[in-house]
$ cat query.cif   # mmCIF, C-alpha atoms
data_upload
#
loop_
_atom_site.label_atom_id
_atom_site.label_comp_id
_atom_site.auth_asym_id
_atom_site.auth_seq_id
_atom_site.Cartn_x
_atom_site.Cartn_y
_atom_site.Cartn_z
CA ALA F 1 22.13 7.25 -4.46
CA GLN F 2 19.49 4.61 -4.89
CA LYS F 3 16.04 5.89 -5.68
CA VAL F 4 12.63 4.46 -6.51
CA THR F 5 9.95 6.50 -8.24
CA GLN F 6 6.29 5.62 -8.35
CA ALA F 7 4.80 8.49 -10.30
CA GLN F 8 1.20 7.36 -9.91
CA THR F 9 -0.05 8.58 -6.56
CA GLU F 10 -3.53 7.13 -6.87
CA ILE F 11 -5.34 5.00 -9.43
CA SER F 12 -9.05 4.28 -9.49
CA VAL F 13 -10.53 1.52 -11.66
CA VAL F 14 -13.75 -0.38 -11.94
CA GLU F 15 -13.74 -4.02 -10.98
CA LYS F 16 -12.56 -6.39 -13.73
CA GLU F 17 -10.45 -3.72 -15.41
CA ASP F 18 -6.74 -4.35 -15.89
CA VAL F 19 -4.38 -1.93 -14.16
CA THR F 20 -0.63 -1.34 -14.36
CA LEU F 21 1.41 0.21 -11.57
CA ASP F 22 4.64 1.83 -12.69
CA CYS F 23 8.00 1.70 -10.93
CA VAL F 24 11.25 3.31 -12.07
CA TYR F 25 14.47 2.92 -10.15
CA GLU F 26 18.00 4.32 -10.02
CA THR F 27 20.99 2.41 -8.73
CA ARG F 28 24.74 2.22 -9.23
CA ASP F 29 24.90 -1.40 -8.11
CA THR F 30 25.42 -4.01 -10.79
CA THR F 31 23.59 -6.60 -8.72
CA TYR F 32 20.41 -5.58 -7.00
CA TYR F 33 16.96 -6.78 -6.12
CA LEU F 34 13.55 -5.31 -6.72
CA PHE F 35 10.43 -5.99 -4.70
CA TRP F 36 6.74 -5.26 -4.69
CA TYR F 37 4.79 -5.08 -1.43
CA LYS F 38 1.07 -4.57 -0.84
CA GLN F 39 -0.19 -2.59 2.15
CA PRO F 40 -3.89 -3.09 2.90
CA PRO F 41 -5.68 -0.77 5.35
CA SER F 42 -4.55 -2.97 8.24
CA GLY F 43 -1.04 -1.61 7.71
CA GLU F 44 1.02 -4.76 7.27
CA LEU F 45 3.32 -4.86 4.26
CA VAL F 46 2.62 -8.06 2.34
CA PHE F 47 5.43 -9.39 0.16
CA LEU F 48 4.39 -10.02 -3.44
CA ILE F 49 7.52 -10.62 -5.49
CA ARG F 50 11.32 -10.36 -5.55
CA ARG F 51 13.28 -10.02 -8.78
CA ASN F 52 17.05 -9.98 -9.16
CA SER F 53 18.85 -7.76 -11.62
CA PHE F 54 20.23 -10.51 -13.81
CA ASP F 55 16.90 -12.19 -14.45
CA GLU F 56 14.74 -10.17 -16.84
CA GLN F 57 12.23 -12.90 -17.45
CA ASN F 58 8.73 -11.65 -16.80
CA GLU F 59 6.70 -13.43 -14.18
CA ILE F 60 3.03 -14.24 -13.86
CA SER F 61 1.28 -15.39 -10.72
CA GLY F 62 -2.44 -15.77 -11.15
CA ARG F 63 -3.88 -12.35 -11.92
CA TYR F 64 -0.55 -10.66 -11.14
CA SER F 65 2.27 -10.14 -13.62
CA TRP F 66 5.51 -8.22 -13.52
CA ASN F 67 7.49 -6.68 -16.36
CA PHE F 68 11.16 -6.03 -15.56
CA GLN F 69 13.08 -3.99 -18.15
CA LYS F 70 16.65 -3.24 -17.23
CA SER F 71 17.13 -0.99 -20.28
CA THR F 72 14.56 1.45 -18.95
CA SER F 73 15.14 0.73 -15.25
CA SER F 74 11.52 -0.18 -14.78
CA PHE F 75 9.71 -2.90 -12.87
CA ASN F 76 6.01 -2.56 -13.57
CA PHE F 77 3.21 -4.52 -11.96
CA THR F 78 -0.04 -5.44 -13.72
CA ILE F 79 -3.21 -6.74 -12.12
CA THR F 80 -5.54 -8.43 -14.57
CA ALA F 81 -9.29 -8.43 -13.96
CA SER F 82 -8.96 -6.35 -10.79
CA GLN F 83 -11.09 -7.11 -7.76
CA VAL F 84 -12.25 -4.98 -4.84
CA VAL F 85 -9.90 -6.93 -2.56
CA ASP F 86 -6.97 -5.57 -4.59
CA SER F 87 -7.63 -2.12 -3.15
CA ALA F 88 -4.49 -1.20 -1.20
CA VAL F 89 -1.31 0.83 -1.40
CA TYR F 90 1.39 -0.85 -3.45
CA PHE F 91 5.07 -0.19 -2.86
CA CYS F 92 7.99 -0.89 -5.14
CA ALA F 93 11.34 -1.29 -3.34
CA LEU F 94 15.02 -1.60 -4.26
CA SER F 95 17.77 -3.27 -2.25
CA GLU F 96 20.64 -1.07 -1.16
CA ALA F 97 23.64 -3.04 -0.02
CA TYR F 98 25.73 -2.20 3.00
CA GLY F 99 28.44 -4.03 4.89
CA GLY F 100 29.06 -7.03 2.69
CA SER F 101 25.94 -8.92 1.72
CA SER F 102 23.44 -7.06 3.90
CA TYR F 103 20.88 -4.71 2.46
CA LYS F 104 18.13 -2.31 3.36
CA LEU F 105 15.04 -1.52 1.34
CA ILE F 106 14.60 1.78 -0.46
CA PHE F 107 10.90 2.28 -1.01
CA GLY F 108 8.99 4.30 -3.54
CA SER F 109 6.24 6.61 -2.32
CA GLY F 110 3.56 4.06 -3.11
CA THR F 111 0.54 3.94 -5.41
CA ARG F 112 -2.90 3.82 -3.86
CA LEU F 113 -5.18 1.55 -5.90
CA LEU F 114 -8.92 1.82 -5.49
CA VAL F 115 -11.02 -0.83 -7.20
CA ARG F 116 -14.68 0.16 -7.33
CA PRO F 117 -17.43 -2.45 -7.61
CA LYS C 1 4.39 -20.77 10.60
CA ALA C 2 3.49 -17.68 12.58
CA GLY C 3 4.34 -14.34 11.02
CA VAL C 4 6.16 -11.38 12.47
CA THR C 5 4.39 -10.04 15.55
CA GLN C 6 4.62 -6.55 16.94
CA THR C 7 3.37 -5.21 20.23
CA PRO C 8 1.64 -3.06 21.08
CA ARG C 9 -0.39 -2.33 17.97
CA TYR C 10 -1.34 1.17 19.07
CA LEU C 11 0.27 3.65 21.43
CA ILE C 12 -0.53 7.18 22.48
CA LYS C 13 2.18 9.16 24.23
CA THR C 14 2.86 12.79 25.02
CA ARG C 15 5.85 14.88 24.03
CA GLY C 16 8.92 14.25 26.14
CA GLN C 17 7.98 10.71 27.09
CA GLN C 18 9.81 7.63 25.92
CA VAL C 19 8.43 4.50 24.30
CA THR C 20 9.53 0.91 23.69
CA LEU C 21 8.19 -1.18 20.82
CA SER C 22 8.64 -4.93 20.52
CA CYS C 23 9.06 -7.25 17.55
CA SER C 24 9.14 -11.04 17.43
CA PRO C 25 10.50 -12.39 14.14
CA ILE C 26 9.34 -15.43 12.24
CA SER C 27 10.71 -18.57 13.84
CA GLY C 28 14.18 -19.29 12.51
CA HIS C 29 14.77 -15.76 11.22
CA ARG C 30 17.75 -14.08 12.78
CA SER C 31 17.76 -10.64 11.22
CA VAL C 32 15.35 -7.91 12.25
CA SER C 33 14.99 -4.56 10.50
CA TRP C 34 12.91 -1.56 11.59
CA TYR C 35 11.26 1.01 9.34
CA GLN C 36 9.34 4.20 10.04
CA GLN C 37 6.37 5.15 7.86
CA THR C 38 5.00 8.69 7.85
CA PRO C 39 2.78 10.50 5.32
CA GLY C 40 5.50 13.05 4.64
CA GLN C 41 8.64 10.93 4.46
CA GLY C 42 7.20 7.58 3.44
CA LEU C 43 8.96 4.39 4.45
CA GLN C 44 12.43 4.90 5.86
CA PHE C 45 14.98 2.45 7.22
CA LEU C 46 15.77 2.83 10.92
CA PHE C 47 18.20 0.01 11.76
CA GLU C 48 18.93 -3.68 11.37
CA TYR C 49 20.02 -6.24 13.95
CA PHE C 50 21.59 -9.63 13.55
CA SER C 51 22.90 -11.85 16.34
CA GLU C 52 22.29 -9.09 18.88
CA THR C 53 24.45 -6.64 16.91
CA GLN C 54 23.32 -3.53 15.12
CA ARG C 55 24.74 -3.80 11.61
CA ASN C 56 23.40 -0.62 10.14
CA LYS C 57 21.43 2.45 11.09
CA GLY C 58 19.50 4.92 8.98
CA ASN C 59 19.58 8.67 9.18
CA PHE C 60 17.75 9.14 12.47
CA PRO C 61 18.79 11.00 15.63
CA GLY C 62 20.27 9.24 18.61
CA ARG C 63 16.89 9.30 20.35
CA PHE C 64 16.09 6.25 18.28
CA SER C 65 17.78 3.10 19.52
CA GLY C 66 17.22 -0.59 19.52
CA ARG C 67 18.47 -3.93 20.63
CA GLN C 68 18.11 -7.59 19.87
CA PHE C 69 17.97 -10.48 22.29
CA SER C 70 19.47 -13.93 22.03
CA ASN C 71 16.12 -15.34 20.84
CA SER C 72 16.17 -12.79 17.95
CA ARG C 73 13.33 -10.73 19.41
CA SER C 74 13.99 -7.04 19.02
CA GLU C 75 12.95 -3.84 20.71
CA MET C 76 13.24 -0.28 19.59
CA ASN C 77 13.17 2.70 21.91
CA VAL C 78 12.44 6.33 21.24
CA SER C 79 13.32 8.78 23.97
CA THR C 80 12.14 12.36 24.43
CA LEU C 81 9.29 11.94 21.98
CA GLU C 82 8.50 14.71 19.52
CA LEU C 83 5.30 15.31 17.58
CA GLY C 84 7.11 14.31 14.41
CA ASP C 85 7.74 10.83 15.79
CA SER C 86 4.08 10.00 15.21
CA ALA C 87 4.25 7.19 12.67
CA LEU C 88 3.67 3.57 11.86
CA TYR C 89 6.73 1.59 12.95
CA LEU C 90 7.21 -1.60 10.98
CA CYS C 91 9.45 -4.48 11.84
CA ALA C 92 10.68 -7.01 9.27
CA SER C 93 12.48 -10.30 9.72
CA SER C 94 14.62 -12.18 7.23
CA PRO C 95 15.88 -15.70 6.73
CA PRO C 96 18.08 -17.65 6.48
CA ALA C 97 19.38 -19.51 9.43
CA SER C 98 22.94 -19.04 8.18
CA GLY C 99 25.22 -16.35 9.47
CA ARG C 100 24.66 -13.65 6.90
CA LEU C 101 21.76 -11.62 5.55
CA SER C 102 22.20 -12.07 1.85
CA ARG C 103 20.88 -10.03 -0.98
CA THR C 104 18.46 -12.77 -1.85
CA ASP C 105 16.73 -12.74 1.51
CA THR C 106 13.25 -11.32 1.54
CA GLN C 107 12.12 -9.15 4.40
CA TYR C 108 8.73 -10.14 5.84
CA PHE C 109 6.90 -7.45 7.70
CA GLY C 110 4.76 -7.40 10.81
CA PRO C 111 1.50 -5.43 11.22
CA GLY C 112 3.28 -2.44 12.72
CA THR C 113 2.86 -0.31 15.81
CA ARG C 114 1.02 2.95 15.29
CA LEU C 115 2.49 5.58 17.58
CA THR C 116 0.70 8.86 18.18
CA VAL C 117 2.52 11.62 20.03
CA LEU C 118 0.33 14.37 21.49
#

$ encode --input "query.cif" --output "structure tokens"
Amino acid sequence: AQKVTQAQTEISVVEKEDVTLDCVYETRDTTYYLFWYKQPPSGELVFLIRRNSFDEQNEISGRYSWNFQKSTSSFNFTITASQVVDSAVYFCALSEAYGGSSYKLIFGSGTRLLVRP
Amino acid sequence: KAGVTQTPRYLIKTRGQQVTLSCSPISGHRSVSWYQQTPGQGLQFLFEYFSETQRNKGNFPGRFSGRQFSNSRSEMNVSTLELGDSALYLCASSPPASGRLSRTDTQYFGPGTRLTVL
């Protein structure tokens, strides 16, 4: 069965430090999609990135970067020069297909990031 | 473009009652998925609707049901509430305007409805 593991339950850093959130996944699908979502205290899940399984090119968006390594089934997320506003719970998710081209999201347990001033 | 909206944002009910939660997807999105978030079980898939049809359902008892209307708005209903139903219920909508939810579609989430069962 599909599974996503986020081993880091909580991380605390001081502002301006770099921080990496780990994500390891298990799937039998040959084509799949990986996602990162941010959940601030308000509760809404904010979409950050989607990566498909056949594209291992790393991506950078401002202070955010993602490292996808199929060989180790990992999709790690790095925040450079963290800011207090980055404090949130971050979820890694994997697509699980059903009924043709439809899918549901399998979420990891989340990593709570606290950025202290 | 307005995001996914969910109403109400907060609900307090007592055991045995029933509750209906509402979700309005992003304009043009035709698929709506529901997820339950609890401290113990995390985020779990409830069901997904497309064109007023339930296409898949997660591992939840029959007390959990839903429906979708012709304008893509969706409701979920929980009957005979139990204490364990206390959770944040999140709704997500997906593009495209075509007839199928593809693997490349991203699910965009609403702010959730926080249900407390006393």

$ closest_atom_pairs --input "query.cif" --of "chain C" --to "chain F" --cutoff "10 Å" --atoms "all atoms listed in the file" --output "JSON lines"
{"residue": "C:Val4", "atom": "CA", "partner": "F:Glu44", "partner_atom": "CA", "distance": 9.9}
{"residue": "C:Ser31", "atom": "CA", "partner": "F:Ser102", "partner_atom": "CA", "distance": 9.9}
{"residue": "C:Ser33", "atom": "CA", "partner": "F:Lys104", "partner_atom": "CA", "distance": 8.1}
{"residue": "C:Trp34", "atom": "CA", "partner": "F:Lys104", "partner_atom": "CA", "distance": 9.8}
{"residue": "C:Tyr35", "atom": "CA", "partner": "F:Leu105", "partner_atom": "CA", "distance": 9.2}
{"residue": "C:Pro39", "atom": "CA", "partner": "F:Ser109", "partner_atom": "CA", "distance": 9.2}
{"residue": "C:Gly40", "atom": "CA", "partner": "F:Ser109", "partner_atom": "CA", "distance": 9.5}
{"residue": "C:Gln41", "atom": "CA", "partner": "F:Ser109", "partner_atom": "CA", "distance": 8.4}
{"residue": "C:Gly42", "atom": "CA", "partner": "F:Ser109", "partner_atom": "CA", "distance": 5.9}
{"residue": "C:Leu43", "atom": "CA", "partner": "F:Phe107", "partner_atom": "CA", "distance": 6.2}
{"residue": "C:Gln44", "atom": "CA", "partner": "F:Ile106", "partner_atom": "CA", "distance": 7.4}
{"residue": "C:Phe45", "atom": "CA", "partner": "F:Lys104", "partner_atom": "CA", "distance": 6.9}
{"residue": "C:Leu46", "atom": "CA", "partner": "F:Lys104", "partner_atom": "CA", "distance": 9.4}
{"residue": "C:Phe47", "atom": "CA", "partner": "F:Lys104", "partner_atom": "CA", "distance": 8.7}
{"residue": "C:Glu48", "atom": "CA", "partner": "F:Lys104", "partner_atom": "CA", "distance": 8.2}
{"residue": "C:Arg55", "atom": "CA", "partner": "F:Gly99", "partner_atom": "CA", "distance": 7.7}
{"residue": "C:Asn56", "atom": "CA", "partner": "F:Tyr98", "partner_atom": "CA", "distance": 7.7}
{"residue": "C:Lys57", "atom": "CA", "partner": "F:Lys104", "partner_atom": "CA", "distance": 9.7}
{"residue": "C:Gly58", "atom": "CA", "partner": "F:Lys104", "partner_atom": "CA", "distance": 9.3}
{"residue": "C:Leu88", "atom": "CA", "partner": "F:Gly43", "partner_atom": "CA", "distance": 8.1}
{"residue": "C:Tyr89", "atom": "CA", "partner": "F:Gly43", "partner_atom": "CA", "distance": 9.9}
{"residue": "C:Leu90", "atom": "CA", "partner": "F:Glu44", "partner_atom": "CA", "distance": 7.9}
{"residue": "C:Cys91", "atom": "CA", "partner": "F:Glu44", "partner_atom": "CA", "distance": 9.6}
{"residue": "C:Ala92", "atom": "CA", "partner": "F:Leu45", "partner_atom": "CA", "distance": 9.2}
{"residue": "C:Arg100", "atom": "CA", "partner": "F:Ser101", "partner_atom": "CA", "distance": 7.1}
{"residue": "C:Leu101", "atom": "CA", "partner": "F:Ser102", "partner_atom": "CA", "distance": 5.1}
{"residue": "C:Ser102", "atom": "CA", "partner": "F:Ser101", "partner_atom": "CA", "distance": 4.9}
{"residue": "C:Arg103", "atom": "CA", "partner": "F:Ser101", "partner_atom": "CA", "distance": 5.8}
{"residue": "C:Thr104", "atom": "CA", "partner": "F:Tyr33", "partner_atom": "CA", "distance": 7.5}
{"residue": "C:Asp105", "atom": "CA", "partner": "F:Tyr103", "partner_atom": "CA", "distance": 9.1}
{"residue": "C:Thr106", "atom": "CA", "partner": "F:Arg50", "partner_atom": "CA", "distance": 7.4}
{"residue": "C:Gln107", "atom": "CA", "partner": "F:Phe47", "partner_atom": "CA", "distance": 7.9}
{"residue": "C:Tyr108", "atom": "CA", "partner": "F:Phe47", "partner_atom": "CA", "distance": 6.6}
{"residue": "C:Phe109", "atom": "CA", "partner": "F:Leu45", "partner_atom": "CA", "distance": 5.6}
{"residue": "C:Gly110", "atom": "CA", "partner": "F:Glu44", "partner_atom": "CA", "distance": 5.8}
{"residue": "C:Pro111", "atom": "CA", "partner": "F:Glu44", "partner_atom": "CA", "distance": 4.0}
{"residue": "C:Gly112", "atom": "CA", "partner": "F:Glu44", "partner_atom": "CA", "distance": 6.3}
{"residue": "C:Thr113", "atom": "CA", "partner": "F:Gly43", "partner_atom": "CA", "distance": 9.1}
{"residue": "C:Arg114", "atom": "CA", "partner": "F:Gly43", "partner_atom": "CA", "distance": 9.1}

$ write_last_selection --input "query.cif" --atoms "C-alpha atoms" --output "PDB file, keeping the file's coordinate frame"
ATOM      1  CA  VAL C   4       6.160 -11.380  12.470  1.00  0.00           C
ATOM      2  CA  SER C  31      17.760 -10.640  11.220  1.00  0.00           C
ATOM      3  CA  SER C  33      14.990  -4.560  10.500  1.00  0.00           C
ATOM      4  CA  TRP C  34      12.910  -1.560  11.590  1.00  0.00           C
ATOM      5  CA  TYR C  35      11.260   1.010   9.340  1.00  0.00           C
ATOM      6  CA  PRO C  39       2.780  10.500   5.320  1.00  0.00           C
ATOM      7  CA  GLY C  40       5.500  13.050   4.640  1.00  0.00           C
ATOM      8  CA  GLN C  41       8.640  10.930   4.460  1.00  0.00           C
ATOM      9  CA  GLY C  42       7.200   7.580   3.440  1.00  0.00           C
ATOM     10  CA  LEU C  43       8.960   4.390   4.450  1.00  0.00           C
ATOM     11  CA  GLN C  44      12.430   4.900   5.860  1.00  0.00           C
ATOM     12  CA  PHE C  45      14.980   2.450   7.220  1.00  0.00           C
ATOM     13  CA  LEU C  46      15.770   2.830  10.920  1.00  0.00           C
ATOM     14  CA  PHE C  47      18.200   0.010  11.760  1.00  0.00           C
ATOM     15  CA  GLU C  48      18.930  -3.680  11.370  1.00  0.00           C
ATOM     16  CA  ARG C  55      24.740  -3.800  11.610  1.00  0.00           C
ATOM     17  CA  ASN C  56      23.400  -0.620  10.140  1.00  0.00           C
ATOM     18  CA  LYS C  57      21.430   2.450  11.090  1.00  0.00           C
ATOM     19  CA  GLY C  58      19.500   4.920   8.980  1.00  0.00           C
ATOM     20  CA  LEU C  88       3.670   3.570  11.860  1.00  0.00           C
ATOM     21  CA  TYR C  89       6.730   1.590  12.950  1.00  0.00           C
ATOM     22  CA  LEU C  90       7.210  -1.600  10.980  1.00  0.00           C
ATOM     23  CA  CYS C  91       9.450  -4.480  11.840  1.00  0.00           C
ATOM     24  CA  ALA C  92      10.680  -7.010   9.270  1.00  0.00           C
ATOM     25  CA  ARG C 100      24.660 -13.650   6.900  1.00  0.00           C
ATOM     26  CA  LEU C 101      21.760 -11.620   5.550  1.00  0.00           C
ATOM     27  CA  SER C 102      22.200 -12.070   1.850  1.00  0.00           C
ATOM     28  CA  ARG C 103      20.880 -10.030  -0.980  1.00  0.00           C
ATOM     29  CA  THR C 104      18.460 -12.770  -1.850  1.00  0.00           C
ATOM     30  CA  ASP C 105      16.730 -12.740   1.510  1.00  0.00           C
ATOM     31  CA  THR C 106      13.250 -11.320   1.540  1.00  0.00           C
ATOM     32  CA  GLN C 107      12.120  -9.150   4.400  1.00  0.00           C
ATOM     33  CA  TYR C 108       8.730 -10.140   5.840  1.00  0.00           C
ATOM     34  CA  PHE C 109       6.900  -7.450   7.700  1.00  0.00           C
ATOM     35  CA  GLY C 110       4.760  -7.400  10.810  1.00  0.00           C
ATOM     36  CA  PRO C 111       1.500  -5.430  11.220  1.00  0.00           C
ATOM     37  CA  GLY C 112       3.280  -2.440  12.720  1.00  0.00           C
ATOM     38  CA  THR C 113       2.860  -0.310  15.810  1.00  0.00           C
ATOM     39  CA  ARG C 114       1.020   2.950  15.290  1.00  0.00           C
TER      40      ARG C 114
END

$ resolve_selection --input "query.cif" --expression "the PyMOL selection byres ((chain C and resi 60-66) around 9)" --output "list in words"
Thr20, Phe45, Leu46, Phe47, Glu48, Tyr49, Gln54, Lys57, Gly58, Asn59, Arg67, Gln68, Ser74, Glu75, Met76, Asn77, Val78, Ser79, Thr80 and Leu81 of chain C

$ atom_distance --input "query.cif" --atom1 "atom CA of Arg28 of chain F" --atom2 "atom CA of Ala1 of chain F"
7.4 Å

$ atom_distance --input "query.cif" --atom1 "atom CA of Ser24 of chain C" --atom2 "atom CA of Val85 of chain F"
27.9 Å

$ residues_around --input "query.cif" --residues "Val24 of chain F" --least-positions-apart "4" --cutoff "10 Å" --atoms "all atoms listed in the file" --output "list in words"
Lys3, Val4, Thr5, Gln6, Ala7, Phe68, Gln69, Lys70, Thr72, Ser73, Ser74, Phe75, Asn76, Cys92, Ala93, Leu94 and Gly108 of chain F

$ write_last_selection --input "query.cif" --atoms "C-alpha atoms" --output "short mmCIF file (atom, residue, chain, number, x, y, z; two decimals), in the coordinates of the input"
data_model
loop_
_atom_site.label_atom_id
_atom_site.label_comp_id
_atom_site.auth_asym_id
_atom_site.auth_seq_id
_atom_site.Cartn_x
_atom_site.Cartn_y
_atom_site.Cartn_z
CA LYS F 3 16.04 5.89 -5.68
CA VAL F 4 12.63 4.46 -6.51
CA THR F 5 9.95 6.50 -8.24
CA GLN F 6 6.29 5.62 -8.35
CA ALA F 7 4.80 8.49 -10.30
CA PHE F 68 11.16 -6.03 -15.56
CA GLN F 69 13.08 -3.99 -18.15
CA LYS F 70 16.65 -3.24 -17.23
CA THR F 72 14.56 1.45 -18.95
CA SER F 73 15.14 0.73 -15.25
CA SER F 74 11.52 -0.18 -14.78
CA PHE F 75 9.71 -2.90 -12.87
CA ASN F 76 6.01 -2.56 -13.57
CA CYS F 92 7.99 -0.89 -5.14
CA ALA F 93 11.34 -1.29 -3.34
CA LEU F 94 15.02 -1.60 -4.26
CA GLY F 108 8.99 4.30 -3.54
#

$ atom_distance --input "query.cif" --atom1 "atom CA of Leu114 of chain F" --atom2 "atom CA of Asn58 of chain F"
24.9 Å

$ resolve_selection --input "query.cif" --expression "the PyMOL selection byres ((chain F and resi 65) around 6)" --output "mmCIF file with C-alpha atoms, in the coordinates of the input"
data_model
loop_
_atom_site.group_PDB
_atom_site.id
_atom_site.type_symbol
_atom_site.label_atom_id
_atom_site.label_comp_id
_atom_site.auth_asym_id
_atom_site.auth_seq_id
_atom_site.Cartn_x
_atom_site.Cartn_y
_atom_site.Cartn_z
ATOM 1 C CA GLU F 59 6.700 -13.430 -14.180
ATOM 2 C CA ILE F 60 3.030 -14.240 -13.860
ATOM 3 C CA TYR F 64 -0.550 -10.660 -11.140
ATOM 4 C CA TRP F 66 5.510 -8.220 -13.520
ATOM 5 C CA PHE F 77 3.210 -4.520 -11.960
ATOM 6 C CA THR F 78 -0.040 -5.440 -13.720
#

$ resolve_selection --input "query.cif" --expression "the PyMOL selection byres ((chain F and resi 11) around 6)" --output "list in words"
Glu10, Ser12 and Leu113 of chain F

$ axis_aligned_box --input "query.cif" --around "segment 55-62 of chain F" --padding-each-side "6 Å" --output "AutoDock Vina command-line options"
--center_x 7.2 --center_y -13.0 --center_z -14.1 --size_x 31.3 --size_y 17.6 --size_z 18.7

$ closest_residue --input "query.cif" --among "C:Thr38, C:Ser93, C:Ser22, C:Thr14" --to "Leu118 of chain C" --atoms "all atoms listed in the file"
C:Thr14

$ residues_around --input "query.cif" --residues "Arg116 of chain F" --least-positions-apart "4" --cutoff "8 Å" --atoms "all atoms listed in the file" --output "JSON, numbers by chain"
{"F": [12, 13, 14, 15, 84]}

$ residues_around --input "query.cif" --residues "Lys16 of chain F" --least-positions-apart "2" --cutoff "7 Å" --atoms "only C-alpha atoms" --output "ChimeraX atom specification"
/F:14,18,81-83
